file upload_31.cif (mmCIF, C-alpha atoms)
data_final
loop_
_atom_site.label_atom_id
_atom_site.label_comp_id
_atom_site.auth_asym_id
_atom_site.auth_seq_id
_atom_site.Cartn_x
_atom_site.Cartn_y
_atom_site.Cartn_z
CA MET A 1 8.73 12.83 -0.25
CA LYS A 2 12.33 12.15 0.76
CA LEU A 3 14.01 12.37 4.17
CA TRP A 4 17.69 13.32 4.12
CA GLU A 5 20.35 13.38 6.83
CA VAL A 6 21.40 17.02 6.81
CA ASN A 7 24.99 16.58 8.02
CA THR A 8 25.95 13.90 5.47
CA GLY A 9 23.46 14.43 2.65
CA ARG A 10 22.55 10.73 2.88
CA LEU A 11 19.05 9.72 1.77
CA ILE A 12 17.38 8.09 4.77
CA ARG A 13 13.98 7.16 3.35
CA THR A 14 11.57 7.78 0.50
CA PHE A 15 7.89 8.06 1.40
CA ASP A 16 5.46 6.97 -1.31
CA GLY A 17 1.89 8.20 -1.43
CA ASP A 18 1.68 11.87 -2.32
CA SER A 19 0.81 12.01 -6.03
CA ASP A 20 1.77 15.67 -6.43
CA GLY A 21 4.45 17.84 -4.89
CA VAL A 22 4.73 18.20 -1.13
CA PHE A 23 4.83 21.86 -0.11
CA ALA A 24 4.96 21.60 3.68
CA VAL A 25 6.21 19.11 6.28
CA ALA A 26 5.88 19.25 10.08
CA PHE A 27 7.79 16.90 12.39
CA SER A 28 6.52 15.67 15.76
CA PRO A 29 8.56 16.79 18.79
CA ASP A 30 9.70 13.19 19.42
CA GLY A 31 10.90 12.81 15.81
CA LYS A 32 8.83 9.66 15.23
CA THR A 33 6.18 11.03 12.88
CA ALA A 34 5.69 13.77 10.32
CA LEU A 35 2.79 15.39 8.50
CA SER A 36 3.07 16.18 4.80
CA ASP A 37 0.79 18.65 3.01
CA SER A 38 0.58 17.92 -0.69
CA ASP A 39 -0.69 19.57 -3.85
CA ASP A 40 -2.92 16.50 -4.32
CA GLY A 41 -5.17 17.87 -1.55
CA THR A 42 -4.10 15.43 1.15
CA ILE A 43 -2.42 15.72 4.52
CA ARG A 44 -0.61 12.51 5.42
CA LEU A 45 0.76 11.26 8.73
CA TRP A 46 3.95 9.22 8.32
CA ASN A 47 5.93 6.88 10.57
CA LEU A 48 9.48 8.19 10.03
CA GLN A 49 11.15 4.95 11.15
CA THR A 50 9.23 2.57 8.85
CA GLY A 51 8.04 4.90 6.09
CA GLU A 52 4.47 3.67 6.64
CA GLU A 53 1.59 6.01 5.96
CA ILE A 54 -0.35 6.00 9.23
CA ALA A 55 -3.30 8.10 8.07
CA LYS A 56 -4.47 10.41 5.32
CA MET A 57 -6.81 13.41 5.61
CA VAL A 58 -8.61 14.90 2.64
CA VAL A 59 -10.31 18.30 2.92
CA PHE A 60 -12.81 19.02 0.15
CA GLU A 61 -13.70 22.37 -1.42
CA ASP A 62 -16.97 22.54 0.53
CA GLY A 63 -15.07 22.23 3.84
CA GLU A 64 -16.06 18.62 4.49
CA TRP A 65 -13.24 16.22 5.37
CA VAL A 66 -12.39 12.54 5.77
CA THR A 67 -9.49 11.00 7.71
CA LEU A 68 -8.57 7.40 6.78
CA THR A 69 -6.16 5.10 8.61
CA SER A 70 -3.97 2.57 6.82
CA GLN A 71 -6.19 -0.15 8.36
CA GLY A 72 -9.26 1.24 6.58
CA TYR A 73 -10.96 2.90 9.55
CA TYR A 74 -12.13 6.44 9.08
CA VAL A 75 -13.80 9.43 10.65
CA ALA A 76 -15.54 12.16 8.67
CA SER A 77 -17.07 15.57 9.15
CA GLU A 78 -20.85 15.76 9.39
CA ASN A 79 -21.36 15.44 5.62
CA GLY A 80 -17.97 13.96 4.75
CA ASN A 81 -19.46 10.49 4.29
CA LYS A 82 -20.79 11.55 0.91
CA TYR A 83 -17.20 11.33 -0.36
CA ILE A 84 -16.65 7.71 0.75
CA ASN A 85 -16.52 5.08 -2.01
CA VAL A 86 -15.38 1.48 -1.75
CA ARG A 87 -12.65 0.32 -4.12
CA ILE A 88 -9.86 -2.20 -3.69
CA GLY A 89 -7.07 -1.47 -6.15
CA ASN A 90 -8.80 -1.03 -9.48
CA GLN A 91 -11.53 -3.53 -8.65
CA VAL A 92 -15.07 -2.48 -7.80
CA THR A 93 -16.12 -4.41 -4.71
CA GLY A 94 -19.43 -6.02 -3.89
CA VAL A 95 -19.44 -4.15 -0.59
CA LYS A 96 -22.19 -1.60 -0.26
CA VAL A 97 -20.99 1.75 1.04
CA GLU A 98 -23.44 1.48 3.95
CA GLN A 99 -21.83 -1.83 5.00
CA TYR A 100 -18.39 -0.23 4.85
CA ARG A 101 -19.57 2.71 6.94
CA ALA A 102 -21.10 0.43 9.55
CA GLN A 103 -17.83 -1.46 9.97
CA PHE A 104 -15.16 1.20 9.40
CA ASN A 105 -16.63 4.61 10.34
CA ASP A 106 -15.17 4.34 13.83
CA PRO A 107 -13.93 7.60 15.40
CA GLU A 108 -12.75 5.79 18.55
CA MET A 109 -10.64 3.33 16.56
CA VAL A 110 -9.12 6.19 14.56
CA LYS A 111 -8.27 7.95 17.82
CA ILE A 112 -6.60 4.81 19.18
CA LEU A 113 -4.63 4.22 15.98
CA LEU A 114 -3.41 7.82 15.87
CA GLU A 115 -2.31 8.00 19.51
CA PRO A 116 1.47 8.07 19.94
CA SER A 117 3.00 4.75 20.95
CA LYS A 118 4.23 4.51 24.52
CA GLU A 119 7.53 2.91 23.49
#

call {"tool": "encode", "arguments": {"input": "upload_31.cif", "output": "structure tokens"}}
result
Amino acid sequence: MKLWEVNTGRLIRTFDGDSDGVFAVAFSPDGKTALSDSDDGTIRLWNLQTGEEIAKMVVFEDGEWVTLTSQGYYVASENGNKYINVRIGNQVTGVKVEQYRAQFNDPEMVKILLEPSKE
């Protein structure tokens, strides 16, 4: 996804993450964040100033969903946990999924991380 300055046509920032085409973007009223909806089945929350992906939501065909923060915390629908796997890069980890869930399935932390900054 690319962000352009409309008046000048200058490229402001490129956002990496969506593996397929982005077909919808919504900007926050304060202009600090944006949501992108992609053909890869994800909805991503972006920091427009830094280009950082703040969070990613995946909605599956059965209606279950998972939202992951860039820090690794997540929240899932009632049965969304069945879609969680642990992988770091291309390496399979020694972490059992249950251990990951115990540490990172934290709806309160996700809420805190997704709250707008008070700057």

call {"tool": "residues_around", "arguments": {"input": "upload_31.cif", "residues": "stretch 2-16 of chain A", "least_positions_apart": "5", "cutoff": "9 Å", "atoms": "only C-alpha atoms", "output": "ChimeraX atom specification"}}
result
/A:46,48-53

call {"tool": "resolve_selection", "arguments": {"input": "upload_31.cif", "expression": "the PyMOL selection byres ((chain A and resi 70-74) around 12)", "output": "PyMOL selection string"}}
result
chain A and resi 17+44-47+52-58+65-69+75-77+80-81+83-88+100-114

call {"tool": "residues_near_point", "arguments": {"input": "upload_31.cif", "point": "(3.1, 13.9, 3.8)", "cutoff": "8 Å", "atoms": "only C-alpha atoms", "output": "PyMOL selection string"}}
result
chain A and resi 1+15+17-18+22+24-25+34-38+42-46

call {"tool": "write_last_selection", "arguments": {"input": "upload_31.cif", "atoms": "C-alpha atoms", "output": "PDB file, in the frame of the given file"}}
result
ATOM      1  CA  MET A   1       8.730  12.830  -0.250  1.00  0.00           C
ATOM      2  CA  PHE A  15       7.890   8.060   1.400  1.00  0.00           C
ATOM      3  CA  GLY A  17       1.890   8.200  -1.430  1.00  0.00           C
ATOM      4  CA  ASP A  18       1.680  11.870  -2.320  1.00  0.00           C
ATOM      5  CA  VAL A  22       4.730  18.200  -1.130  1.00  0.00           C
ATOM      6  CA  ALA A  24       4.960  21.600   3.680  1.00  0.00           C
ATOM      7  CA  VAL A  25       6.210  19.110   6.280  1.00  0.00           C
ATOM      8  CA  ALA A  34       5.690  13.770  10.320  1.00  0.00           C
ATOM      9  CA  LEU A  35       2.790  15.390   8.500  1.00  0.00           C
ATOM     10  CA  SER A  36       3.070  16.180   4.800  1.00  0.00           C
ATOM     11  CA  ASP A  37       0.790  18.650   3.010  1.00  0.00           C
ATOM     12  CA  SER A  38       0.580  17.920  -0.690  1.00  0.00           C
ATOM     13  CA  THR A  42      -4.100  15.430   1.150  1.00  0.00           C
ATOM     14  CA  ILE A  43      -2.420  15.720   4.520  1.00  0.00           C
ATOM     15  CA  ARG A  44      -0.610  12.510   5.420  1.00  0.00           C
ATOM     16  CA  LEU A  45       0.760  11.260   8.730  1.00  0.00           C
ATOM     17  CA  TRP A  46       3.950   9.220   8.320  1.00  0.00           C
TER      18      TRP A  46
END

call {"tool": "atom_distance", "arguments": {"input": "upload_31.cif", "atom1": "atom CA of A:Glu115", "atom2": "atom CA of A:Asp39"}}
result
26.1 Å

call {"tool": "atom_distance", "arguments": {"input": "upload_31.cif", "atom1": "atom CA of A:Glu78", "atom2": "atom CA of A:Gly63"}}
result
10.3 Å

call {"tool": "atom_distance", "arguments": {"input": "upload_31.cif", "atom1": "atom CA of A:Glu64", "atom2": "atom CA of A:Glu98"}}
result
18.7 Å
